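Asker: File run26.cif follows (mmCIF, N, CA and C atoms, pLDDT in the B column; chains and numbers go by the auth columns):
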```
data_input
#
loop_
_atom_site.group_PDB
_atom_site.id
_atom_site.type_symbol
_atom_site.label_atom_id
_atom_site.label_comp_id
_atom_site.label_asym_id
_atom_site.label_seq_id
_atom_site.Cartn_x
_atom_site.Cartn_y
_atom_site.Cartn_z
_atom_site.B_iso_or_equiv
_atom_site.auth_seq_id
_atom_site.auth_asym_id
ATOM 1 N N GLY A 1 24.407 63.305 49.098 71.00 1 A
ATOM 2 C CA GLY A 1 23.186 63.943 49.460 71.00 1 A
ATOM 3 C C GLY A 1 23.440 65.159 50.353 71.00 1 A
ATOM 4 N N HIS A 2 22.377 65.829 50.641 83.00 2 A
ATOM 5 C CA HIS A 2 22.444 66.981 51.530 83.00 2 A
ATOM 6 C C HIS A 2 21.207 66.986 52.425 83.00 2 A
ATOM 7 N N PHE A 3 21.241 67.797 53.431 85.00 3 A
ATOM 8 C CA PHE A 3 20.150 67.846 54.401 85.00 3 A
ATOM 9 C C PHE A 3 19.288 69.094 54.253 85.00 3 A
ATOM 10 N N LEU A 4 19.601 69.969 53.308 84.00 4 A
ATOM 11 C CA LEU A 4 18.895 71.246 53.210 84.00 4 A
ATOM 12 C C LEU A 4 17.415 71.100 52.873 84.00 4 A
ATOM 13 N N GLY A 5 17.054 70.021 52.217 85.00 5 A
ATOM 14 C CA GLY A 5 15.652 69.811 51.891 85.00 5 A
ATOM 15 C C GLY A 5 14.942 68.879 52.856 85.00 5 A
ATOM 16 N N ALA A 6 15.656 68.395 53.862 90.00 6 A
ATOM 17 C CA ALA A 6 15.062 67.464 54.819 90.00 6 A
ATOM 18 C C ALA A 6 14.010 68.169 55.675 90.00 6 A
ATOM 19 N N GLU A 7 12.978 67.427 56.022 90.00 7 A
ATOM 20 C CA GLU A 7 11.872 67.993 56.800 90.00 7 A
ATOM 21 C C GLU A 7 12.363 68.608 58.116 90.00 7 A
ATOM 22 N N HIS A 8 13.243 67.907 58.807 91.00 8 A
ATOM 23 C CA HIS A 8 13.762 68.407 60.085 91.00 8 A
ATOM 24 C C HIS A 8 14.482 69.737 59.898 91.00 8 A
ATOM 25 N N THR A 9 15.292 69.842 58.856 89.00 9 A
ATOM 26 C CA THR A 9 16.029 71.082 58.591 89.00 9 A
ATOM 27 C C THR A 9 15.066 72.221 58.294 89.00 9 A
ATOM 28 N N LEU A 10 14.102 71.977 57.447 89.00 10 A
ATOM 29 C CA LEU A 10 13.140 73.018 57.086 89.00 10 A
ATOM 30 C C LEU A 10 12.328 73.471 58.296 89.00 10 A
ATOM 31 N N ARG A 11 12.073 72.556 59.207 91.00 11 A
ATOM 32 C CA ARG A 11 11.288 72.877 60.392 91.00 11 A
ATOM 33 C C ARG A 11 12.114 73.647 61.438 91.00 11 A
ATOM 34 N N ASN A 12 13.442 73.451 61.456 89.00 12 A
ATOM 35 C CA ASN A 12 14.259 73.977 62.553 89.00 12 A
ATOM 36 C C ASN A 12 15.353 74.961 62.176 89.00 12 A
ATOM 37 N N TYR A 13 15.568 75.257 60.913 85.00 13 A
ATOM 38 C CA TYR A 13 16.745 76.051 60.549 85.00 13 A
ATOM 39 C C TYR A 13 16.714 77.477 61.096 85.00 13 A
ATOM 40 N N ARG A 14 15.576 78.023 61.365 86.00 14 A
ATOM 41 C CA ARG A 14 15.518 79.406 61.867 86.00 14 A
ATOM 42 C C ARG A 14 15.861 79.516 63.348 86.00 14 A
ATOM 43 N N THR A 15 15.672 78.450 64.080 88.00 15 A
ATOM 44 C CA THR A 15 15.907 78.504 65.525 88.00 15 A
ATOM 45 C C THR A 15 17.005 77.550 65.984 88.00 15 A
ATOM 46 N N GLY A 16 17.666 76.902 65.061 84.00 16 A
ATOM 47 C CA GLY A 16 18.636 75.873 65.413 84.00 16 A
ATOM 48 C C GLY A 16 20.028 76.362 65.732 84.00 16 A
ATOM 49 N N PHE A 17 20.227 77.657 65.863 83.00 17 A
ATOM 50 C CA PHE A 17 21.562 78.184 66.134 83.00 17 A
ATOM 51 C C PHE A 17 21.618 78.752 67.540 83.00 17 A
ATOM 52 N N TYR A 18 22.672 78.414 68.247 83.00 18 A
ATOM 53 C CA TYR A 18 22.873 78.923 69.598 83.00 18 A
ATOM 54 C C TYR A 18 23.627 80.237 69.515 83.00 18 A
ATOM 55 N N ARG A 19 23.063 81.276 70.077 83.00 19 A
ATOM 56 C CA ARG A 19 23.716 82.590 70.118 83.00 19 A
ATOM 57 C C ARG A 19 24.117 82.872 71.562 83.00 19 A
ATOM 58 N N PRO A 20 25.394 82.769 71.875 88.00 20 A
ATOM 59 C CA PRO A 20 25.816 83.012 73.257 88.00 20 A
ATOM 60 C C PRO A 20 25.551 84.452 73.663 88.00 20 A
ATOM 61 N N TRP A 21 25.183 84.664 74.916 86.00 21 A
ATOM 62 C CA TRP A 21 24.906 86.030 75.371 86.00 21 A
ATOM 63 C C TRP A 21 26.083 86.627 76.125 86.00 21 A
ATOM 64 N N ILE A 22 27.060 85.794 76.490 91.00 22 A
ATOM 65 C CA ILE A 22 28.231 86.331 77.188 91.00 22 A
ATOM 66 C C ILE A 22 29.380 86.575 76.219 91.00 22 A
ATOM 67 N N SER A 23 29.721 85.578 75.455 90.00 23 A
ATOM 68 C CA SER A 23 30.851 85.740 74.533 90.00 23 A
ATOM 69 C C SER A 23 30.368 86.303 73.201 90.00 23 A
ATOM 70 N N SER A 24 31.270 86.935 72.490 90.00 24 A
ATOM 71 C CA SER A 24 30.935 87.565 71.216 90.00 24 A
ATOM 72 C C SER A 24 31.255 86.631 70.057 90.00 24 A
ATOM 73 N N THR A 25 30.420 86.662 69.045 89.00 25 A
ATOM 74 C CA THR A 25 30.695 85.892 67.831 89.00 25 A
ATOM 75 C C THR A 25 31.215 86.802 66.719 89.00 25 A
ATOM 76 N N GLU A 26 31.443 88.061 67.049 92.00 26 A
ATOM 77 C CA GLU A 26 31.954 89.021 66.065 92.00 26 A
ATOM 78 C C GLU A 26 33.429 88.750 65.784 92.00 26 A
ATOM 79 N N ASN A 27 33.895 89.190 64.604 95.00 27 A
ATOM 80 C CA ASN A 27 35.327 89.089 64.361 95.00 27 A
ATOM 81 C C ASN A 27 36.038 90.122 65.236 95.00 27 A
ATOM 82 N N TYR A 28 37.356 90.010 65.347 96.00 28 A
ATOM 83 C CA TYR A 28 38.121 90.834 66.281 96.00 28 A
ATOM 84 C C TYR A 28 37.950 92.330 66.020 96.00 28 A
ATOM 85 N N ASP A 29 38.035 92.748 64.761 97.00 29 A
ATOM 86 C CA ASP A 29 37.918 94.177 64.445 97.00 29 A
ATOM 87 C C ASP A 29 36.556 94.734 64.852 97.00 29 A
ATOM 88 N N ARG A 30 35.510 93.999 64.549 96.00 30 A
ATOM 89 C CA ARG A 30 34.160 94.450 64.907 96.00 30 A
ATOM 90 C C ARG A 30 33.980 94.448 66.430 96.00 30 A
ATOM 91 N N TRP A 31 34.508 93.442 67.100 95.00 31 A
ATOM 92 C CA TRP A 31 34.445 93.371 68.557 95.00 31 A
ATOM 93 C C TRP A 31 35.144 94.581 69.169 95.00 31 A
ATOM 94 N N GLN A 32 36.310 94.940 68.629 97.00 32 A
ATOM 95 C CA GLN A 32 37.050 96.118 69.099 97.00 32 A
ATOM 96 C C GLN A 32 36.227 97.388 68.884 97.00 32 A
ATOM 97 N N ARG A 33 35.646 97.514 67.708 97.00 33 A
ATOM 98 C CA ARG A 33 34.875 98.703 67.355 97.00 33 A
ATOM 99 C C ARG A 33 33.670 98.899 68.278 97.00 33 A
ATOM 100 N N PHE A 34 33.098 97.809 68.732 94.00 34 A
ATOM 101 C CA PHE A 34 31.911 97.901 69.583 94.00 34 A
ATOM 102 C C PHE A 34 32.237 97.811 71.069 94.00 34 A
ATOM 103 N N GLY A 35 33.461 98.181 71.439 95.00 35 A
ATOM 104 C CA GLY A 35 33.798 98.327 72.850 95.00 35 A
ATOM 105 C C GLY A 35 34.687 97.264 73.451 95.00 35 A
ATOM 106 N N ALA A 36 34.966 96.196 72.729 96.00 36 A
ATOM 107 C CA ALA A 36 35.864 95.132 73.205 96.00 36 A
ATOM 108 C C ALA A 36 35.494 94.656 74.609 96.00 36 A
ATOM 109 N N ARG A 37 34.201 94.467 74.838 95.00 37 A
ATOM 110 C CA ARG A 37 33.738 94.028 76.157 95.00 37 A
ATOM 111 C C ARG A 37 34.038 92.539 76.332 95.00 37 A
ATOM 112 N N THR A 38 34.795 92.210 77.373 95.00 38 A
ATOM 113 C CA THR A 38 35.160 90.824 77.632 95.00 38 A
ATOM 114 C C THR A 38 33.997 90.084 78.289 95.00 38 A
ATOM 115 N N ALA A 39 34.089 88.754 78.294 94.00 39 A
ATOM 116 C CA ALA A 39 33.003 87.934 78.826 94.00 39 A
ATOM 117 C C ALA A 39 32.723 88.243 80.291 94.00 39 A
ATOM 118 N N ASP A 40 33.769 88.497 81.078 96.00 40 A
ATOM 119 C CA ASP A 40 33.533 88.795 82.494 96.00 40 A
ATOM 120 C C ASP A 40 32.797 90.118 82.675 96.00 40 A
ATOM 121 N N VAL A 41 33.070 91.081 81.819 96.00 41 A
ATOM 122 C CA VAL A 41 32.384 92.376 81.890 96.00 41 A
ATOM 123 C C VAL A 41 30.914 92.208 81.497 96.00 41 A
ATOM 124 N N VAL A 42 30.665 91.482 80.416 96.00 42 A
ATOM 125 C CA VAL A 42 29.291 91.256 79.954 96.00 42 A
ATOM 126 C C VAL A 42 28.499 90.499 81.019 96.00 42 A
ATOM 127 N N ALA A 43 29.096 89.459 81.603 96.00 43 A
ATOM 128 C CA ALA A 43 28.410 88.674 82.633 96.00 43 A
ATOM 129 C C ALA A 43 28.116 89.525 83.867 96.00 43 A
ATOM 130 N N SER A 44 29.064 90.358 84.261 97.00 44 A
ATOM 131 C CA SER A 44 28.864 91.223 85.424 97.00 44 A
ATOM 132 C C SER A 44 27.740 92.223 85.175 97.00 44 A
ATOM 133 N N GLU A 45 27.732 92.820 83.995 96.00 45 A
ATOM 134 C CA GLU A 45 26.658 93.757 83.649 96.00 45 A
ATOM 135 C C GLU A 45 25.307 93.055 83.667 96.00 45 A
ATOM 136 N N ARG A 46 25.287 91.815 83.177 96.00 46 A
ATOM 137 C CA ARG A 46 24.033 91.073 83.082 96.00 46 A
ATOM 138 C C ARG A 46 23.478 90.731 84.462 96.00 46 A
ATOM 139 N N TRP A 47 24.337 90.233 85.383 96.00 47 A
ATOM 140 C CA TRP A 47 23.792 89.874 86.694 96.00 47 A
ATOM 141 C C TRP A 47 23.334 91.110 87.449 96.00 47 A
ATOM 142 N N GLN A 48 24.028 92.223 87.246 98.00 48 A
ATOM 143 C CA GLN A 48 23.609 93.456 87.910 98.00 48 A
ATOM 144 C C GLN A 48 22.263 93.936 87.364 98.00 48 A
ATOM 145 N N GLN A 49 22.072 93.793 86.048 97.00 49 A
ATOM 146 C CA GLN A 49 20.804 94.179 85.430 97.00 49 A
ATOM 147 C C GLN A 49 19.671 93.284 85.929 97.00 49 A
ATOM 148 N N VAL A 50 19.916 91.977 85.954 97.00 50 A
ATOM 149 C CA VAL A 50 18.889 91.035 86.416 97.00 50 A
ATOM 150 C C VAL A 50 18.508 91.334 87.860 97.00 50 A
ATOM 151 N N LEU A 51 19.495 91.582 88.698 96.00 51 A
ATOM 152 C CA LEU A 51 19.228 91.891 90.102 96.00 51 A
ATOM 153 C C LEU A 51 18.448 93.197 90.248 96.00 51 A
ATOM 154 N N ALA A 52 18.818 94.209 89.466 97.00 52 A
ATOM 155 C CA ALA A 52 18.143 95.514 89.542 97.00 52 A
ATOM 156 C C ALA A 52 16.690 95.425 89.079 97.00 52 A
ATOM 157 N N GLU A 53 16.410 94.541 88.126 97.00 53 A
ATOM 158 C CA GLU A 53 15.066 94.430 87.557 97.00 53 A
ATOM 159 C C GLU A 53 14.210 93.368 88.240 97.00 53 A
ATOM 160 N N TYR A 54 14.773 92.663 89.212 96.00 54 A
ATOM 161 C CA TYR A 54 14.056 91.575 89.868 96.00 54 A
ATOM 162 C C TYR A 54 12.865 92.119 90.651 96.00 54 A
ATOM 163 N N PRO A 55 11.668 91.630 90.356 96.00 55 A
ATOM 164 C CA PRO A 55 10.499 92.092 91.114 96.00 55 A
ATOM 165 C C PRO A 55 10.422 91.330 92.440 96.00 55 A
ATOM 166 N N ASP A 56 10.589 92.031 93.526 93.00 56 A
ATOM 167 C CA ASP A 56 10.557 91.414 94.850 93.00 56 A
ATOM 168 C C ASP A 56 9.167 90.830 95.092 93.00 56 A
ATOM 169 N N PRO A 57 9.063 89.514 95.248 94.00 57 A
ATOM 170 C CA PRO A 57 7.746 88.913 95.450 94.00 57 A
ATOM 171 C C PRO A 57 7.220 89.106 96.866 94.00 57 A
ATOM 172 N N GLY A 58 8.068 89.620 97.745 94.00 58 A
ATOM 173 C CA GLY A 58 7.642 89.809 99.126 94.00 58 A
ATOM 174 C C GLY A 58 7.625 88.482 99.866 94.00 58 A
ATOM 175 N N ILE A 59 7.384 88.562 101.141 96.00 59 A
ATOM 176 C CA ILE A 59 7.317 87.354 101.966 96.00 59 A
ATOM 177 C C ILE A 59 6.252 87.574 103.030 96.00 59 A
ATOM 178 N N ASP A 60 5.546 86.529 103.319 96.00 60 A
ATOM 179 C CA ASP A 60 4.526 86.593 104.354 96.00 60 A
ATOM 180 C C ASP A 60 5.202 86.986 105.670 96.00 60 A
ATOM 181 N N PRO A 61 4.662 87.988 106.375 96.00 61 A
ATOM 182 C CA PRO A 61 5.295 88.444 107.618 96.00 61 A
ATOM 183 C C PRO A 61 5.497 87.328 108.646 96.00 61 A
ATOM 184 N N GLY A 62 4.568 86.395 108.719 97.00 62 A
ATOM 185 C CA GLY A 62 4.697 85.275 109.654 97.00 62 A
ATOM 186 C C GLY A 62 5.866 84.370 109.295 97.00 62 A
ATOM 187 N N VAL A 63 6.017 84.097 108.014 97.00 63 A
ATOM 188 C CA VAL A 63 7.132 83.276 107.540 97.00 63 A
ATOM 189 C C VAL A 63 8.446 84.001 107.785 97.00 63 A
ATOM 190 N N ASP A 64 8.466 85.291 107.517 97.00 64 A
ATOM 191 C CA ASP A 64 9.676 86.092 107.733 97.00 64 A
ATOM 192 C C ASP A 64 10.088 86.044 109.206 97.00 64 A
ATOM 193 N N GLU A 65 9.126 86.197 110.084 97.00 65 A
ATOM 194 C CA GLU A 65 9.414 86.165 111.522 97.00 65 A
ATOM 195 C C GLU A 65 9.984 84.807 111.931 97.00 65 A
ATOM 196 N N GLN A 66 9.386 83.720 111.418 98.00 66 A
ATOM 197 C CA GLN A 66 9.873 82.380 111.745 98.00 66 A
ATOM 198 C C GLN A 66 11.296 82.164 111.227 98.00 66 A
ATOM 199 N N LEU A 67 11.571 82.642 110.038 97.00 67 A
ATOM 200 C CA LEU A 67 12.915 82.500 109.475 97.00 67 A
ATOM 201 C C LEU A 67 13.942 83.265 110.299 97.00 67 A
ATOM 202 N N LEU A 68 13.605 84.488 110.688 97.00 68 A
ATOM 203 C CA LEU A 68 14.531 85.288 111.495 97.00 68 A
ATOM 204 C C LEU A 68 14.780 84.639 112.858 97.00 68 A
ATOM 205 N N GLU A 69 13.735 84.071 113.452 97.00 69 A
ATOM 206 C CA GLU A 69 13.899 83.357 114.720 97.00 69 A
ATOM 207 C C GLU A 69 14.811 82.145 114.538 97.00 69 A
ATOM 208 N N PHE A 70 14.603 81.396 113.464 97.00 70 A
ATOM 209 C CA PHE A 70 15.418 80.217 113.179 97.00 70 A
ATOM 210 C C PHE A 70 16.883 80.604 112.986 97.00 70 A
ATOM 211 N N ILE A 71 17.121 81.654 112.225 96.00 71 A
ATOM 212 C CA ILE A 71 18.492 82.120 111.982 96.00 71 A
ATOM 213 C C ILE A 71 19.150 82.532 113.294 96.00 71 A
ATOM 214 N N GLY A 72 18.430 83.294 114.105 95.00 72 A
ATOM 215 C CA GLY A 72 18.965 83.715 115.396 95.00 72 A
ATOM 216 C C GLY A 72 19.298 82.526 116.289 95.00 72 A
ATOM 217 N N ARG A 73 18.397 81.544 116.336 95.00 73 A
ATOM 218 C CA ARG A 73 18.617 80.347 117.150 95.00 73 A
ATOM 219 C C ARG A 73 19.843 79.572 116.674 95.00 73 A
ATOM 220 N N ARG A 74 19.969 79.392 115.372 95.00 74 A
ATOM 221 C CA ARG A 74 21.120 78.648 114.826 95.00 74 A
ATOM 222 C C ARG A 74 22.422 79.399 115.071 95.00 74 A
ATOM 223 N N LYS A 75 22.405 80.714 114.964 94.00 75 A
ATOM 224 C CA LYS A 75 23.625 81.491 115.242 94.00 75 A
ATOM 225 C C LYS A 75 24.055 81.318 116.695 94.00 75 A
ATOM 226 N N ARG A 76 23.083 81.325 117.600 94.00 76 A
ATOM 227 C CA ARG A 76 23.409 81.128 119.018 94.00 76 A
ATOM 228 C C ARG A 76 23.958 79.720 119.254 94.00 76 A
ATOM 229 N N GLU A 77 23.364 78.736 118.582 93.00 77 A
ATOM 230 C CA GLU A 77 23.783 77.339 118.765 93.00 77 A
ATOM 231 C C GLU A 77 25.203 77.087 118.263 93.00 77 A
ATOM 232 N N ILE A 78 25.583 77.757 117.185 92.00 78 A
ATOM 233 C CA ILE A 78 26.927 77.518 116.635 92.00 78 A
ATOM 234 C C ILE A 78 27.928 78.567 117.089 92.00 78 A
ATOM 235 N N GLY A 79 27.472 79.519 117.891 88.00 79 A
ATOM 236 C CA GLY A 79 28.376 80.522 118.437 88.00 79 A
ATOM 237 C C GLY A 79 28.762 81.611 117.465 88.00 79 A
ATOM 238 N N SER A 80 27.891 81.915 116.520 72.00 80 A
ATOM 239 C CA SER A 80 28.161 82.971 115.538 72.00 80 A
ATOM 240 C C SER A 80 27.439 84.238 115.951 72.00 80 A
ATOM 241 N N ASP A 81 28.051 85.368 115.646 66.00 81 A
ATOM 242 C CA ASP A 81 27.404 86.655 115.963 66.00 81 A
ATOM 243 C C ASP A 81 26.426 86.944 114.903 66.00 81 A
#
```
Could you render the structure as structure tokens?
Answerer:
Amino acid sequence: GHFLGAEHTLRNYRTGFYRPWISSTENYDRWQRFGARTADVVASERWQQVLAEYPDPGIDPGVDEQLLEFIGRRKREIGSD
């Protein structure tokens, strides 16, 4: 038998494949032609892009003040500058 006609397959075959965003699934020649970007380079570019596009949600000024006071107090308690 085969599974190609099974209900589950028909329902999921379009979305059932995992496409990694860091590593390439291209063959070596095609990977070379498109820049030979290694996984560490792709990951670094991605985190920098995510950070650059991150919408700062802001912080309530009162909460910010309390956090800064807490940080200052803890630094004094543990002897950190």
Asker: Enumerate, as a ChimeraX atom specification, the residues matched when the PyMOL selection byres ((chain A and resi 8-23) around 8) is run on the file above.
Answerer: /A:3-7,24-26,37-43
Asker: Based on the backbone DSSP call, show me all residues of chain A assigned helix (DSSP H, G or I), as a PyMOL selection string.
Answerer: chain A and resi 7-12+28-33+39-53+61-78
Asker: Any chance you can output those residues with N, CA and C atoms as a compact mmCIF listing (two decimals), keeping the file's coordinate frame?
Answerer:
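Below you can see selection14.txt, which holds the result:
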```txt
# COMPACT_ATOMS: atom_id res chain seq x y z
N GLU A 7 12.98 67.43 56.02
CA GLU A 7 11.87 67.99 56.80
C GLU A 7 12.36 68.61 58.12
N HIS A 8 13.24 67.91 58.81
CA HIS A 8 13.76 68.41 60.08
C HIS A 8 14.48 69.74 59.90
N THR A 9 15.29 69.84 58.86
CA THR A 9 16.03 71.08 58.59
C THR A 9 15.07 72.22 58.29
N LEU A 10 14.10 71.98 57.45
CA LEU A 10 13.14 73.02 57.09
C LEU A 10 12.33 73.47 58.30
N ARG A 11 12.07 72.56 59.21
CA ARG A 11 11.29 72.88 60.39
C ARG A 11 12.11 73.65 61.44
N ASN A 12 13.44 73.45 61.46
CA ASN A 12 14.26 73.98 62.55
C ASN A 12 15.35 74.96 62.18
N TYR A 28 37.36 90.01 65.35
CA TYR A 28 38.12 90.83 66.28
C TYR A 28 37.95 92.33 66.02
N ASP A 29 38.03 92.75 64.76
CA ASP A 29 37.92 94.18 64.44
C ASP A 29 36.56 94.73 64.85
N ARG A 30 35.51 94.00 64.55
CA ARG A 30 34.16 94.45 64.91
C ARG A 30 33.98 94.45 66.43
N TRP A 31 34.51 93.44 67.10
CA TRP A 31 34.44 93.37 68.56
C TRP A 31 35.14 94.58 69.17
N GLN A 32 36.31 94.94 68.63
CA GLN A 32 37.05 96.12 69.10
C GLN A 32 36.23 97.39 68.88
N ARG A 33 35.65 97.51 67.71
CA ARG A 33 34.88 98.70 67.36
C ARG A 33 33.67 98.90 68.28
N ALA A 39 34.09 88.75 78.29
CA ALA A 39 33.00 87.93 78.83
C ALA A 39 32.72 88.24 80.29
N ASP A 40 33.77 88.50 81.08
CA ASP A 40 33.53 88.80 82.49
C ASP A 40 32.80 90.12 82.68
N VAL A 41 33.07 91.08 81.82
CA VAL A 41 32.38 92.38 81.89
C VAL A 41 30.91 92.21 81.50
N VAL A 42 30.66 91.48 80.42
CA VAL A 42 29.29 91.26 79.95
C VAL A 42 28.50 90.50 81.02
N ALA A 43 29.10 89.46 81.60
CA ALA A 43 28.41 88.67 82.63
C ALA A 43 28.12 89.52 83.87
N SER A 44 29.06 90.36 84.26
CA SER A 44 28.86 91.22 85.42
C SER A 44 27.74 92.22 85.18
N GLU A 45 27.73 92.82 84.00
CA GLU A 45 26.66 93.76 83.65
C GLU A 45 25.31 93.06 83.67
N ARG A 46 25.29 91.82 83.18
CA ARG A 46 24.03 91.07 83.08
C ARG A 46 23.48 90.73 84.46
N TRP A 47 24.34 90.23 85.38
CA TRP A 47 23.79 89.87 86.69
C TRP A 47 23.33 91.11 87.45
N GLN A 48 24.03 92.22 87.25
CA GLN A 48 23.61 93.46 87.91
C GLN A 48 22.26 93.94 87.36
N GLN A 49 22.07 93.79 86.05
CA GLN A 49 20.80 94.18 85.43
C GLN A 49 19.67 93.28 85.93
N VAL A 50 19.92 91.98 85.95
CA VAL A 50 18.89 91.04 86.42
C VAL A 50 18.51 91.33 87.86
N LEU A 51 19.50 91.58 88.70
CA LEU A 51 19.23 91.89 90.10
C LEU A 51 18.45 93.20 90.25
N ALA A 52 18.82 94.21 89.47
CA ALA A 52 18.14 95.51 89.54
C ALA A 52 16.69 95.42 89.08
N GLU A 53 16.41 94.54 88.13
CA GLU A 53 15.07 94.43 87.56
C GLU A 53 14.21 93.37 88.24
N PRO A 61 4.66 87.99 106.38
CA PRO A 61 5.30 88.44 107.62
C PRO A 61 5.50 87.33 108.65
N GLY A 62 4.57 86.40 108.72
CA GLY A 62 4.70 85.28 109.65
C GLY A 62 5.87 84.37 109.30
N VAL A 63 6.02 84.10 108.01
CA VAL A 63 7.13 83.28 107.54
C VAL A 63 8.45 84.00 107.78
N ASP A 64 8.47 85.29 107.52
CA ASP A 64 9.68 86.09 107.73
C ASP A 64 10.09 86.04 109.21
N GLU A 65 9.13 86.20 110.08
CA GLU A 65 9.41 86.16 111.52
C GLU A 65 9.98 84.81 111.93
N GLN A 66 9.39 83.72 111.42
CA GLN A 66 9.87 82.38 111.74
C GLN A 66 11.30 82.16 111.23
N LEU A 67 11.57 82.64 110.04
CA LEU A 67 12.92 82.50 109.48
C LEU A 67 13.94 83.26 110.30
N LEU A 68 13.60 84.49 110.69
CA LEU A 68 14.53 85.29 111.50
C LEU A 68 14.78 84.64 112.86
N GLU A 69 13.74 84.07 113.45
CA GLU A 69 13.90 83.36 114.72
C GLU A 69 14.81 82.14 114.54
N PHE A 70 14.60 81.40 113.46
CA PHE A 70 15.42 80.22 113.18
C PHE A 70 16.88 80.60 112.99
N ILE A 71 17.12 81.65 112.22
CA ILE A 71 18.49 82.12 111.98
C ILE A 71 19.15 82.53 113.29
N GLY A 72 18.43 83.29 114.10
CA GLY A 72 18.96 83.72 115.40
C GLY A 72 19.30 82.53 116.29
N ARG A 73 18.40 81.54 116.34
CA ARG A 73 18.62 80.35 117.15
C ARG A 73 19.84 79.57 116.67
N ARG A 74 19.97 79.39 115.37
CA ARG A 74 21.12 78.65 114.83
C ARG A 74 22.42 79.40 115.07
N LYS A 75 22.40 80.71 114.96
CA LYS A 75 23.62 81.49 115.24
C LYS A 75 24.06 81.32 116.70
N ARG A 76 23.08 81.32 117.60
CA ARG A 76 23.41 81.13 119.02
C ARG A 76 23.96 79.72 119.25
N GLU A 77 23.36 78.74 118.58
CA GLU A 77 23.78 77.34 118.76
C GLU A 77 25.20 77.09 118.26
N ILE A 78 25.58 77.76 117.18
CA ILE A 78 26.93 77.52 116.64
C ILE A 78 27.93 78.57 117.09
```
Asker: If I take atom C of Gly72 of chain A and atom CA of Gly58 of chain A, how far is one from the other in Å, to one decimal?
Answerer: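 Interatomic distance, atom C of Gly72 of chain A to atom CA of Gly58 of chain A: 22.0 Å.
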Asker: Could you work out how far atom C of Pro55 of chain A lies from atom CA of Leu68 of chain A, giving the answer in Å with one decimal?
Answerer: 20.4 Å
Asker: Taking all atoms of segment 55-70 of chain A that appear in the file, build a box with edges along x, y and z, extend it by 4 Å on every side, and state its centre and edge lengths in Å to one decimal, as AutoDock Vina command-line options.
Answerer:
```
--center_x 10.7 --center_y 86.2 --center_z 102.5 --size_x 20.4 --size_y 19.9 --size_z 32.4
```
Asker: Between atom C of Ser80 of chain A and atom C of Leu67 of chain A, what is the distance, to one decimal in Å?
Answerer: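 Atom C of Leu67 of chain A lies 14.7 Å from atom C of Ser80 of chain A.
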